[in-house]
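Asker: What follows is my_file00.txt, made up of compact mmCIF, C-alpha atoms:
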```txt
# COMPACT_ATOMS: atom_id res chain seq x y z
CA MET A 1 92.70 182.99 83.48
CA LYS A 2 92.83 184.40 87.01
CA LYS A 3 96.01 183.75 88.97
CA VAL A 4 96.33 182.93 92.67
CA LYS A 5 99.49 182.79 94.74
CA ILE A 6 99.99 180.13 97.40
CA ALA A 7 102.77 179.25 99.84
CA LEU A 8 103.98 175.85 101.02
CA LEU A 9 105.20 175.37 104.58
CA GLY A 10 107.59 172.44 104.16
CA LEU A 11 109.13 170.62 101.23
CA GLY A 12 109.46 167.10 102.56
CA ASN A 13 107.76 164.04 101.14
CA VAL A 14 104.26 165.53 100.95
CA GLY A 15 105.48 169.00 99.96
CA ARG A 16 107.37 167.51 97.02
CA GLY A 17 104.24 165.65 95.98
CA VAL A 18 102.14 168.82 96.08
CA PHE A 19 104.70 170.82 94.08
CA THR A 20 105.07 168.02 91.51
CA ILE A 21 101.30 167.65 90.99
CA LEU A 22 100.86 171.42 90.60
CA GLN A 23 103.48 171.37 87.83
CA GLN A 24 102.54 168.12 86.08
CA ASN A 25 98.76 168.64 86.12
CA LYS A 26 98.80 172.40 85.61
CA ASP A 27 96.31 172.48 82.73
CA GLU A 28 93.81 170.14 84.38
CA ILE A 29 94.00 172.07 87.65
CA MET A 30 93.47 175.42 85.88
CA LYS A 31 90.35 174.14 84.10
CA ARG A 32 88.89 172.59 87.22
CA SER A 33 89.64 175.43 89.62
CA GLY A 34 89.31 178.44 87.31
CA TYR A 35 92.71 179.70 88.48
CA GLU A 36 96.33 179.49 87.49
CA ILE A 37 98.09 178.50 90.71
CA GLU A 38 101.52 179.95 91.40
CA VAL A 39 103.65 178.61 94.23
CA SER A 40 105.03 181.96 95.33
CA LYS A 41 106.98 180.86 98.41
CA VAL A 42 108.16 177.61 99.98
CA LEU A 43 109.30 177.67 103.60
CA VAL A 44 112.26 175.38 104.30
CA ARG A 45 114.95 175.07 106.97
CA ASP A 46 117.85 174.99 104.48
CA VAL A 47 117.58 176.57 101.02
CA THR A 48 120.72 174.74 99.80
CA LYS A 49 119.41 171.22 100.46
CA ASN A 50 118.68 169.06 97.42
CA ARG A 51 115.10 167.82 97.70
CA GLY A 52 114.74 166.09 94.34
CA VAL A 53 112.40 168.71 92.90
CA ALA A 54 113.31 171.80 90.88
CA VAL A 55 112.07 174.81 92.85
CA PRO A 56 113.31 178.24 91.70
CA GLU A 57 115.85 179.67 94.13
CA GLU A 58 113.88 182.88 94.68
CA VAL A 59 110.82 180.87 95.79
CA LEU A 60 112.60 179.20 98.71
CA THR A 61 112.74 180.99 102.04
CA THR A 62 113.65 180.29 105.65
CA ASP A 63 111.62 183.27 106.92
CA PHE A 64 107.92 182.72 107.61
CA GLU A 65 107.42 186.49 107.87
CA GLU A 66 107.95 186.77 104.11
CA ILE A 67 104.87 184.63 103.61
CA LEU A 68 102.84 186.23 106.39
CA ASN A 69 103.44 189.78 105.19
CA ASP A 70 102.78 189.08 101.51
CA ASP A 71 99.13 190.05 100.93
CA SER A 72 99.20 188.52 97.46
CA ILE A 73 99.52 185.02 98.98
CA LYS A 74 95.94 183.83 99.51
CA ILE A 75 96.41 180.19 100.57
CA VAL A 76 98.96 178.69 102.96
CA VAL A 77 99.54 174.94 102.63
CA GLU A 78 101.03 173.42 105.79
CA VAL A 79 102.86 170.14 105.09
CA MET A 80 105.62 170.34 107.69
CA GLY A 81 103.87 168.20 110.31
CA GLY A 82 104.10 168.19 114.10
CA ILE A 83 102.64 170.69 116.54
CA ASP A 84 105.32 173.39 116.75
CA PRO A 85 105.85 175.61 114.86
CA ALA A 86 103.08 174.40 112.51
CA LYS A 87 100.26 175.48 114.83
CA GLU A 88 101.72 178.96 115.38
CA TYR A 89 102.23 179.46 111.64
CA MET A 90 98.67 178.39 110.84
CA MET A 91 97.14 180.61 113.53
CA ARG A 92 99.09 183.64 112.38
CA ALA A 93 98.30 182.95 108.73
CA MET A 94 94.58 182.80 109.54
CA GLU A 95 94.83 186.10 111.41
CA ALA A 96 96.29 187.51 108.20
CA LYS A 97 93.15 186.23 106.38
CA LYS A 98 94.93 183.49 104.47
CA HIS A 99 93.04 180.26 103.77
CA ILE A 100 94.59 177.04 105.11
CA VAL A 101 95.19 173.57 103.74
CA THR A 102 96.91 171.05 106.03
CA ALA A 103 97.84 167.36 106.15
CA ASN A 104 98.68 167.51 109.86
CA LYS A 105 96.82 164.70 111.65
CA MET A 106 98.67 165.18 114.95
CA LEU A 107 97.77 168.85 115.20
CA LEU A 108 94.13 168.33 114.22
CA ALA A 109 93.68 165.44 116.65
CA THR A 110 95.20 167.34 119.58
CA ALA A 111 94.35 171.01 118.88
CA GLY A 112 91.63 170.81 116.23
CA ASP A 113 89.06 172.84 118.19
CA GLU A 114 91.45 175.75 118.56
CA VAL A 115 92.39 175.97 114.88
CA PHE A 116 88.81 175.44 113.71
CA GLU A 117 87.57 178.21 116.00
CA LYS A 118 90.23 180.56 114.63
CA ALA A 119 89.18 179.72 111.06
CA GLU A 120 85.56 180.46 111.93
CA GLU A 121 86.47 183.68 113.73
CA MET A 122 88.52 184.95 110.77
CA GLY A 123 86.01 183.78 108.14
CA ILE A 124 88.56 181.80 106.18
CA MET A 125 88.39 178.32 104.64
CA PHE A 126 90.22 175.43 106.30
CA GLN A 127 90.70 172.12 104.47
CA TYR A 128 92.34 168.93 105.79
CA GLU A 129 91.50 165.98 103.54
CA ALA A 130 95.11 164.74 103.51
CA SER A 131 95.26 164.40 107.30
CA VAL A 132 93.71 160.91 107.17
CA ALA A 133 94.38 158.06 104.73
CA GLY A 134 96.50 159.94 102.20
CA GLY A 135 94.82 160.05 98.80
CA ILE A 136 91.56 158.41 99.92
CA PRO A 137 88.77 161.06 99.90
CA ILE A 138 87.36 160.00 103.26
CA ILE A 139 87.06 163.44 104.93
CA ASN A 140 84.98 164.89 102.11
CA GLY A 141 83.19 161.57 101.80
CA ILE A 142 81.89 161.98 105.34
CA ASN A 143 81.50 165.77 105.22
CA GLU A 144 79.72 165.95 101.89
CA ASN A 145 78.47 162.64 100.52
CA LEU A 146 77.24 160.94 103.69
CA THR A 147 75.52 163.87 105.41
CA ALA A 148 72.09 162.30 104.79
CA ASN A 149 73.11 159.34 106.94
CA LYS A 150 73.40 158.52 110.58
CA ILE A 151 76.73 156.69 110.65
CA ASN A 152 76.51 153.65 112.87
CA GLU A 153 79.99 152.16 112.59
CA LEU A 154 83.38 152.89 111.09
CA PHE A 155 86.26 150.44 110.74
CA GLY A 156 89.57 151.57 109.30
CA ILE A 157 92.95 150.25 108.24
CA VAL A 158 94.49 153.71 108.41
CA ASN A 159 98.20 153.04 108.85
CA GLY A 160 100.12 151.70 105.87
CA THR A 161 103.23 150.71 107.85
CA THR A 162 101.41 148.35 110.20
CA ASN A 163 99.30 146.92 107.40
CA TYR A 164 102.46 146.20 105.39
CA ILE A 165 104.04 144.46 108.39
CA LEU A 166 100.98 142.35 109.23
CA SER A 167 100.47 141.47 105.55
CA LYS A 168 104.04 140.18 105.22
CA MET A 169 103.77 138.24 108.48
CA GLU A 170 100.54 136.62 107.31
CA LEU A 171 101.50 135.82 103.73
CA GLU A 172 105.17 134.87 104.23
CA ASN A 173 105.20 133.54 107.83
CA LEU A 174 107.83 136.08 108.90
CA ASP A 175 108.66 137.45 112.36
CA PHE A 176 107.63 140.98 113.33
CA ASP A 177 111.20 142.25 113.81
CA GLU A 178 112.30 140.87 110.45
CA VAL A 179 109.46 142.56 108.56
CA LEU A 180 109.93 145.83 110.47
CA GLU A 181 113.55 146.04 109.31
CA GLU A 182 112.46 145.37 105.74
CA ALA A 183 109.78 148.09 106.04
CA LYS A 184 112.45 150.56 107.18
CA GLN A 185 114.67 149.68 104.21
CA LYS A 186 111.79 150.20 101.78
CA GLY A 187 110.81 153.51 103.35
CA TYR A 188 107.46 152.25 104.68
CA ALA A 189 108.62 152.69 108.30
CA GLU A 190 110.50 155.54 109.95
CA ALA A 191 113.83 155.03 111.71
CA ASP A 192 111.78 155.37 114.92
CA PRO A 193 108.55 153.53 114.04
CA THR A 194 106.90 153.99 117.45
CA SER A 195 104.04 156.17 116.20
CA ASP A 196 103.04 153.50 113.70
CA ILE A 197 103.66 150.17 115.43
CA ASP A 198 102.32 151.31 118.82
CA GLY A 199 99.12 152.65 117.23
CA TYR A 200 99.53 156.39 117.90
CA ASP A 201 99.19 157.35 114.22
CA ALA A 202 95.95 155.39 113.89
CA GLN A 203 94.74 156.87 117.19
CA TYR A 204 95.15 160.44 115.84
CA LYS A 205 93.34 159.53 112.64
CA LEU A 206 90.44 157.83 114.38
CA ALA A 207 89.95 160.86 116.64
CA ILE A 208 89.54 163.00 113.50
CA LEU A 209 87.28 160.54 111.68
CA ALA A 210 85.06 159.86 114.69
CA SER A 211 84.59 163.59 115.34
CA LEU A 212 83.29 164.02 111.80
CA ALA A 213 81.34 160.77 111.53
CA PHE A 214 79.42 161.30 114.77
CA GLY A 215 79.30 165.11 114.88
CA THR A 216 80.92 165.39 118.28
CA LYS A 217 84.21 166.39 119.85
CA VAL A 218 86.57 163.45 120.28
CA LYS A 219 89.84 163.84 122.14
CA VAL A 220 92.83 161.69 121.29
CA ASN A 221 92.81 160.13 124.75
CA ASP A 222 89.17 159.10 124.26
CA VAL A 223 90.50 156.49 121.84
CA TYR A 224 91.77 153.25 123.42
CA ARG A 225 95.05 152.17 121.81
CA GLU A 226 97.17 149.04 121.42
CA GLY A 227 99.97 148.37 118.93
CA ILE A 228 101.04 145.31 116.96
CA THR A 229 104.36 144.42 118.61
CA LYS A 230 102.98 141.32 120.39
CA ILE A 231 101.70 139.68 117.19
CA LYS A 232 103.63 136.50 116.34
CA PRO A 233 103.56 134.24 113.26
CA ILE A 234 101.84 131.61 115.41
CA ASP A 235 98.95 134.06 115.97
CA MET A 236 98.70 134.50 112.22
CA LYS A 237 98.57 130.71 111.77
CA TYR A 238 95.82 130.28 114.35
CA ALA A 239 93.86 133.14 112.77
CA SER A 240 94.10 131.39 109.41
CA ASP A 241 92.95 128.11 110.98
CA PHE A 242 89.87 129.94 112.27
CA GLY A 243 89.18 131.54 108.85
CA MET A 244 90.40 134.91 110.14
CA SER A 245 92.96 137.59 109.33
CA ILE A 246 94.70 139.97 111.78
CA LYS A 247 94.61 143.71 111.07
CA LEU A 248 95.33 146.83 113.10
CA LEU A 249 91.83 148.29 113.07
CA ALA A 250 90.58 151.73 114.04
CA ILE A 251 87.05 151.08 115.28
CA ALA A 252 84.31 153.61 116.03
CA LYS A 253 80.73 152.66 116.92
CA ASP A 254 77.72 154.67 118.06
CA ASP A 255 75.95 152.55 120.66
CA ASP A 256 72.80 154.49 121.53
CA GLY A 257 74.65 157.80 121.86
CA LYS A 258 77.69 156.26 123.56
CA LEU A 259 80.82 156.12 121.41
CA GLU A 260 83.06 153.08 121.34
CA LEU A 261 86.51 154.21 120.13
CA ARG A 262 89.48 151.87 119.92
CA VAL A 263 92.61 151.04 117.94
CA HIS A 264 94.10 147.55 118.34
CA PRO A 265 94.99 144.35 116.48
CA THR A 266 91.77 142.60 115.52
CA MET A 267 90.89 139.21 114.08
CA ILE A 268 88.35 139.62 111.30
CA PRO A 269 86.70 137.06 108.97
CA GLU A 270 88.83 136.42 105.89
CA THR A 271 85.65 136.89 103.81
CA HIS A 272 85.31 140.54 104.87
CA PRO A 273 86.62 143.16 102.39
CA LEU A 274 89.01 144.62 104.98
CA ALA A 275 90.73 141.23 105.34
CA ASN A 276 91.85 141.52 101.73
CA VAL A 277 93.54 144.92 102.14
CA TYR A 278 97.25 144.14 101.90
CA ASP A 279 100.62 145.84 101.64
CA SER A 280 100.68 149.55 102.54
CA PHE A 281 97.11 150.18 101.33
CA ASN A 282 94.48 151.77 103.57
CA ALA A 283 90.73 151.23 103.68
CA ILE A 284 87.82 152.65 105.64
CA PHE A 285 84.61 150.64 105.95
CA ILE A 286 81.50 152.62 106.95
CA ASN A 287 77.95 151.60 107.77
CA GLY A 288 75.28 154.29 107.40
CA ASN A 289 71.64 153.79 108.29
CA ALA A 290 70.51 154.85 104.80
CA VAL A 291 73.37 153.93 102.48
CA GLY A 292 74.32 150.64 104.13
CA ASP A 293 77.93 149.45 103.79
CA LEU A 294 80.61 151.43 101.95
CA MET A 295 84.36 150.96 101.67
CA PHE A 296 86.95 153.56 100.66
CA TYR A 297 90.23 152.02 99.49
CA GLY A 298 93.57 153.28 98.24
CA ARG A 299 97.09 154.40 99.06
CA GLY A 300 97.14 155.86 102.55
CA ALA A 301 100.54 157.54 102.31
CA GLY A 302 103.24 158.61 99.88
CA ASP A 303 104.15 161.85 98.20
CA LEU A 304 101.75 161.74 95.25
CA PRO A 305 98.68 160.12 96.89
CA THR A 306 98.83 162.52 99.85
CA GLY A 307 99.78 165.41 97.55
CA SER A 308 96.70 164.61 95.49
CA ALA A 309 94.46 165.17 98.53
CA VAL A 310 96.26 168.44 99.36
CA VAL A 311 95.87 169.82 95.83
CA SER A 312 92.19 168.79 95.81
CA ASP A 313 91.75 170.88 98.96
CA ILE A 314 93.41 173.85 97.26
CA ILE A 315 90.98 173.50 94.35
CA ALA A 316 88.05 173.25 96.78
CA ILE A 317 89.06 176.58 98.32
CA LEU A 318 89.40 178.21 94.91
CA ARG A 319 85.95 177.00 93.92
CA GLY A 320 84.61 178.46 97.16
CA ASN A 321 85.61 181.99 96.07
CA ILE A 322 88.75 183.08 97.90
CA ASP A 323 87.98 186.77 97.53
CA THR A 324 84.93 186.87 99.80
CA ASP A 325 84.43 186.03 103.45
CA ASN A 326 83.21 182.49 103.87
CA ASN A 327 80.42 182.19 106.43
CA ASN A 328 80.81 178.45 107.00
CA PRO A 329 84.51 177.65 106.65
CA VAL A 330 84.68 174.56 108.87
CA ILE A 331 82.42 171.53 109.09
CA ARG A 332 81.22 171.58 112.68
CA ASN A 333 82.04 168.59 114.86
CA ASN A 334 80.17 169.84 117.93
CA LEU A 335 76.60 169.11 116.88
CA TRP A 336 75.95 166.62 119.66
CA GLU A 337 77.26 165.78 123.10
CA LYS A 338 78.12 162.09 123.22
CA LYS A 339 79.64 160.05 126.00
CA ILE A 340 82.65 157.82 125.46
CA LYS A 341 82.23 154.18 126.43
CA ASP A 342 84.93 152.94 128.80
CA ILE A 343 87.02 150.16 127.24
CA ASN A 344 86.10 147.91 130.16
CA GLU A 345 82.46 148.03 129.08
CA VAL A 346 83.18 147.14 125.45
CA GLU A 347 81.86 143.74 124.35
CA SER A 348 83.81 141.49 121.99
CA ARG A 349 84.91 137.95 121.34
CA TYR A 350 88.51 137.17 122.29
CA TYR A 351 91.39 134.99 121.16
CA ILE A 352 93.65 134.13 124.11
CA ARG A 353 96.96 132.24 123.74
CA VAL A 354 98.36 130.80 126.98
CA THR A 355 101.47 128.76 127.82
CA VAL A 356 100.90 126.20 130.60
CA ASP A 357 102.56 123.18 132.21
CA ASP A 358 101.51 119.95 130.56
CA LYS A 359 99.90 118.44 133.66
CA PRO A 360 96.55 116.80 134.34
CA GLY A 361 93.82 119.15 135.53
CA VAL A 362 95.32 122.38 134.16
CA LEU A 363 92.66 122.83 131.49
CA GLY A 364 89.94 122.23 134.05
CA GLN A 365 91.40 124.90 136.37
CA ILE A 366 91.50 127.41 133.53
CA THR A 367 87.97 126.77 132.28
CA THR A 368 86.70 126.97 135.87
CA ILE A 369 88.21 130.45 136.27
CA PHE A 370 86.56 131.69 133.08
CA GLY A 371 83.24 130.14 134.05
CA ALA A 372 83.35 131.76 137.50
CA ASN A 373 83.92 135.13 135.79
CA ARG A 374 80.94 134.62 133.45
CA VAL A 375 83.14 134.23 130.38
CA SER A 376 81.75 131.60 128.04
CA LEU A 377 84.33 129.70 125.98
CA LYS A 378 83.43 128.78 122.43
CA SER A 379 86.47 126.55 121.84
CA VAL A 380 89.72 125.41 123.46
CA ILE A 381 92.64 124.07 121.44
CA GLN A 382 95.70 122.40 122.98
CA LYS A 383 98.91 122.26 120.95
CA GLY A 384 102.02 120.14 121.54
CA ARG A 385 104.97 120.86 123.77
CA LYS A 386 106.63 124.23 123.51
CA ASN A 387 109.78 123.09 125.34
CA ASP A 388 110.68 119.44 125.92
CA GLU A 389 112.71 120.19 129.04
CA ASN A 390 109.98 122.18 130.82
CA VAL A 391 107.13 120.19 129.25
CA GLU A 392 105.01 123.23 128.42
CA VAL A 393 102.10 123.37 125.98
CA THR A 394 100.06 126.09 124.30
CA LEU A 395 96.35 126.55 124.90
CA VAL A 396 94.28 128.68 122.54
CA LEU A 397 90.94 129.85 123.89
CA ILE A 398 88.17 131.50 121.86
CA THR A 399 85.43 133.18 123.88
CA HIS A 400 81.87 134.07 123.11
CA LYS A 401 81.02 137.78 123.22
CA THR A 402 81.79 139.21 126.63
CA LYS A 403 82.78 142.44 128.32
CA GLU A 404 86.40 143.53 128.52
CA TYR A 405 86.52 143.78 132.31
CA LEU A 406 85.44 140.16 132.67
CA ILE A 407 88.33 139.08 130.43
CA LYS A 408 90.79 141.18 132.45
CA ASP A 409 89.53 139.71 135.74
CA SER A 410 89.88 136.22 134.32
CA ILE A 411 93.42 136.83 133.08
CA ASP A 412 94.46 138.23 136.47
CA LYS A 413 93.25 135.02 138.13
CA LEU A 414 95.05 132.85 135.56
CA TYR A 415 98.35 134.29 136.74
CA ASP A 416 97.57 133.02 140.24
CA LEU A 417 97.87 129.46 138.91
CA ARG A 418 101.39 128.03 139.19
CA THR A 419 100.75 125.95 136.09
CA VAL A 420 100.15 129.03 133.91
CA LYS A 421 103.52 130.26 132.65
CA ASP A 422 102.34 133.21 130.55
CA VAL A 423 99.37 134.71 128.76
CA GLU A 424 101.20 135.25 125.48
CA ASN A 425 98.58 137.25 123.61
CA ILE A 426 94.99 138.50 123.69
CA ILE A 427 93.39 139.63 120.44
CA ARG A 428 89.85 140.90 120.03
CA ILE A 429 87.64 139.35 117.35
CA GLU A 430 85.28 141.47 115.23
CA ASP A 431 82.50 139.56 113.47
CA PHE A 432 80.79 142.60 111.85
CA ASN A 433 77.35 141.33 112.95
```
Let's see the structure in the file written out as structure tokens.
Answerer:
Amino acid sequence: MKKVKIALLGLGNVGRGVFTILQQNKDEIMKRSGYEIEVSKVLVRDVTKNRGVAVPEEVLTTDFEEILNDDSIKIVVEVMGGIDPAKEYMMRAMEAKKHIVTANKMLLATAGDEVFEKAEEMGIMFQYEASVAGGIPIINGINENLTANKINELFGIVNGTTNYILSKMELENLDFDEVLEEAKQKGYAEADPTSDIDGYDAQYKLAILASLAFGTKVKVNDVYREGITKIKPIDMKYASDFGMSIKLLAIAKDDDGKLELRVHPTMIPETHPLANVYDSFNAIFINGNAVGDLMFYGRGAGDLPTGSAVVSDIIAILRGNIDTDNNNPVIRNNLWEKKIKDINEVESRYYIRVTVDDKPGVLGQITTIFGANRVSLKSVIQKGRKNDENVEVTLVLITHKTKEYLIKDSIDKLYDLRTVKDVENIIRIEDFN
């Protein structure tokens, strides 16, 4: 059996998963790859730190140069995350003709072109399945299995933390802050959960997925983003009353060569498969013009699920013959030039929750404003008093399909009414028509 040496950059959650899988599934990996894989070096900040996995002392190093200058190391696996120094290490490793496996969504979403060009220039293989949706094989699914299709739409629950929070709020009628604290205690949320709850993590992932799905370059800032912090239990209750569920969706659509790219809380029919994705699970729903509807489902994070995707990428490189120059190391995402649709031009239905004074004529004033702005209302629901002293009530409006800028114009005019106390929430509705 041939032997290959690899190096890990990082031994955190994902790094531990990779190391564990390589040890536990050694025989299966050897048979499937044709190689015995030896983890020759592991780059860490502190060699004395206990990481819960038994790595030989001589394998640990704090010096990247040891990895860079070792010609026997053929594959570098970057699982440290972030931009710096991960990007520098990857670029230098590629210059040294070492193949790359990474799980770094942030780097790929913000500097993907640069690292892909370097991989192509150096003729090395570059794999990144674990960068999106953990153990779900969505990157290779798009790159390999769906290449006969023109992908029309992609909808993804791609962040386990937010899906866990929204699931608990829906099923147990809990407040956002209460569930967030529980998610932190269980390790589903970071001490600073901003990247998850404000939608940045999903934004990075959608930029990667959309680039592949539509064969074009997508920048992170091309993706419109909203988080879940404004979602209340009352919104969950109304959604249920309407036969809907609320999910943080990553949405990508090709509308006649114009790409619609957005991440935000979305009401979806409770009969749709994505509505039944709970806890920290992820799912990506794709419509292709030949294959029709597909859904990929599984654990989107965690040491072993994400480690599984990383090790699969290592095996893919080994099967590609690491000893010869590879003439097509990176799936191109610059096949077509496509414009990005401005969020103001996006069409959707909307759920709007408003607090108003309980006075005669208020509802008429509000419906008049929407009508003047060409926003057609499908239904209006008035609920009882919010506060006995101020005599305020809640109005819930559901619109027909309309453009975003017309909703924004209408909301601006609502605030001009003295009787409107606050527009508490606006949530887009996706019908999957």
Asker: Return as a Markdown table the residues of region 221-328 of chain A lying at most 12 Å from region 74-86 of chain A, together with the closest atom-to-atom pair for each and the distance in Å to one decimal, counting only C-alpha atoms, with rows in chain order and ascending residue number.
Answerer:
```
| residue | atom | partner | partner_atom | distance |
| --- | --- | --- | --- | --- |
| A:Asp303 | CA | A:Val79 | CA | 10.9 |
| A:Thr306 | CA | A:Val79 | CA | 10.1 |
| A:Gly307 | CA | A:Val79 | CA | 9.4 |
| A:Ala309 | CA | A:Val77 | CA | 11.8 |
| A:Val310 | CA | A:Val77 | CA | 8.0 |
| A:Val311 | CA | A:Val77 | CA | 9.3 |
| A:Ser312 | CA | A:Val77 | CA | 11.8 |
| A:Asp313 | CA | A:Val77 | CA | 9.5 |
| A:Ile314 | CA | A:Ile75 | CA | 7.8 |
| A:Ile315 | CA | A:Ile75 | CA | 10.6 |
| A:Ala316 | CA | A:Ile75 | CA | 11.5 |
| A:Ile317 | CA | A:Ile75 | CA | 8.5 |
| A:Leu318 | CA | A:Ile75 | CA | 9.2 |
| A:Asn321 | CA | A:Lys74 | CA | 11.0 |
| A:Ile322 | CA | A:Lys74 | CA | 7.4 |
| A:Asp323 | CA | A:Lys74 | CA | 8.7 |
| A:Thr324 | CA | A:Lys74 | CA | 11.4 |
```
Asker: Given only C-alpha atoms as the basis, pick out the residue of A:Ser308, A:Glu392, A:Val423, A:Ala283 nearest to Leu22 (chain A).
Answerer: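 Residue with the minimum atom-to-atom distance to Leu22 (chain A): A:Ser308.
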Asker: Go through A:Asp196, A:Asp293, A:Glu38, A:Asp177 one by one, measure the shortest atom-to-atom distance of each to Thr161 (chain A) using all atoms listed in the file, and give the residue with the smallest value.
Answerer: A:Asp196
Asker: Using only C-alpha atoms, which of the listed residues (A:Ile151, A:Ile251, A:Val179, A:Leu209) sits closest to Glu129 (chain A)?
Answerer: A:Leu209
Asker: Expressed in Å to a single decimal, how great is the separation between CA of Tyr164 (chain A) and CA of Tyr278 (chain A)?
Answerer: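 Between these atoms lies a distance of 6.6 Å.
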Asker: Figure out the distance between CA of Leu212 (chain A) and CA of Pro305 (chain A), please, to one decimal in Å.
Answerer: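 Atom-to-atom, CA of Pro305 (chain A) to CA of Leu212 (chain A), that is 21.8 Å.
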Asker: Could you work out how far CA of Gly17 (chain A) lies from CA of Ala202 (chain A), giving the answer in Å with one decimal?
Answerer: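 Taking CA of Ala202 (chain A) and CA of Gly17 (chain A), their separation equals 22.2 Å.
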Asker: For Asp46 (chain A), list every protein, DNA or RNA residue within 12 Å, evaluated using all atoms listed in the file, and leave out those in the same chain fewer than 5 positions away; present the list as a PDB file with C-alpha atoms, in the coordinates of the input.
Answerer:
```pdb
ATOM      1  CA  GLY A  10     107.590 172.440 104.160  1.00  0.00           C
ATOM      2  CA  LEU A  11     109.130 170.620 101.230  1.00  0.00           C
ATOM      3  CA  GLY A  12     109.460 167.100 102.560  1.00  0.00           C
ATOM      4  CA  ARG A  51     115.100 167.820  97.700  1.00  0.00           C
ATOM      5  CA  GLU A  57     115.850 179.670  94.130  1.00  0.00           C
ATOM      6  CA  LEU A  60     112.600 179.200  98.710  1.00  0.00           C
ATOM      7  CA  THR A  61     112.740 180.990 102.040  1.00  0.00           C
ATOM      8  CA  THR A  62     113.650 180.290 105.650  1.00  0.00           C
ATOM      9  CA  ASP A  63     111.620 183.270 106.920  1.00  0.00           C
TER      10      ASP A  63
END
```
Asker: Around (97.4, 166.7, 107.3) in the file's frame, which residues reach within 6 Å when counting all atoms listed in the file? Return as a list of chain:residue names?
Answerer: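 Every polymer residue passing the test: A:Thr102, A:Ala103, A:Asn104, A:Lys105, A:Tyr128, A:Ala130, A:Ser131.
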Asker: Check the smallest atom-to-atom distance from each of A:Asp192, A:Val39, A:Ala252, A:Glu260 to Lys26 (chain A) using all atoms listed in the file, then report the winner.
Answerer: A:Val39
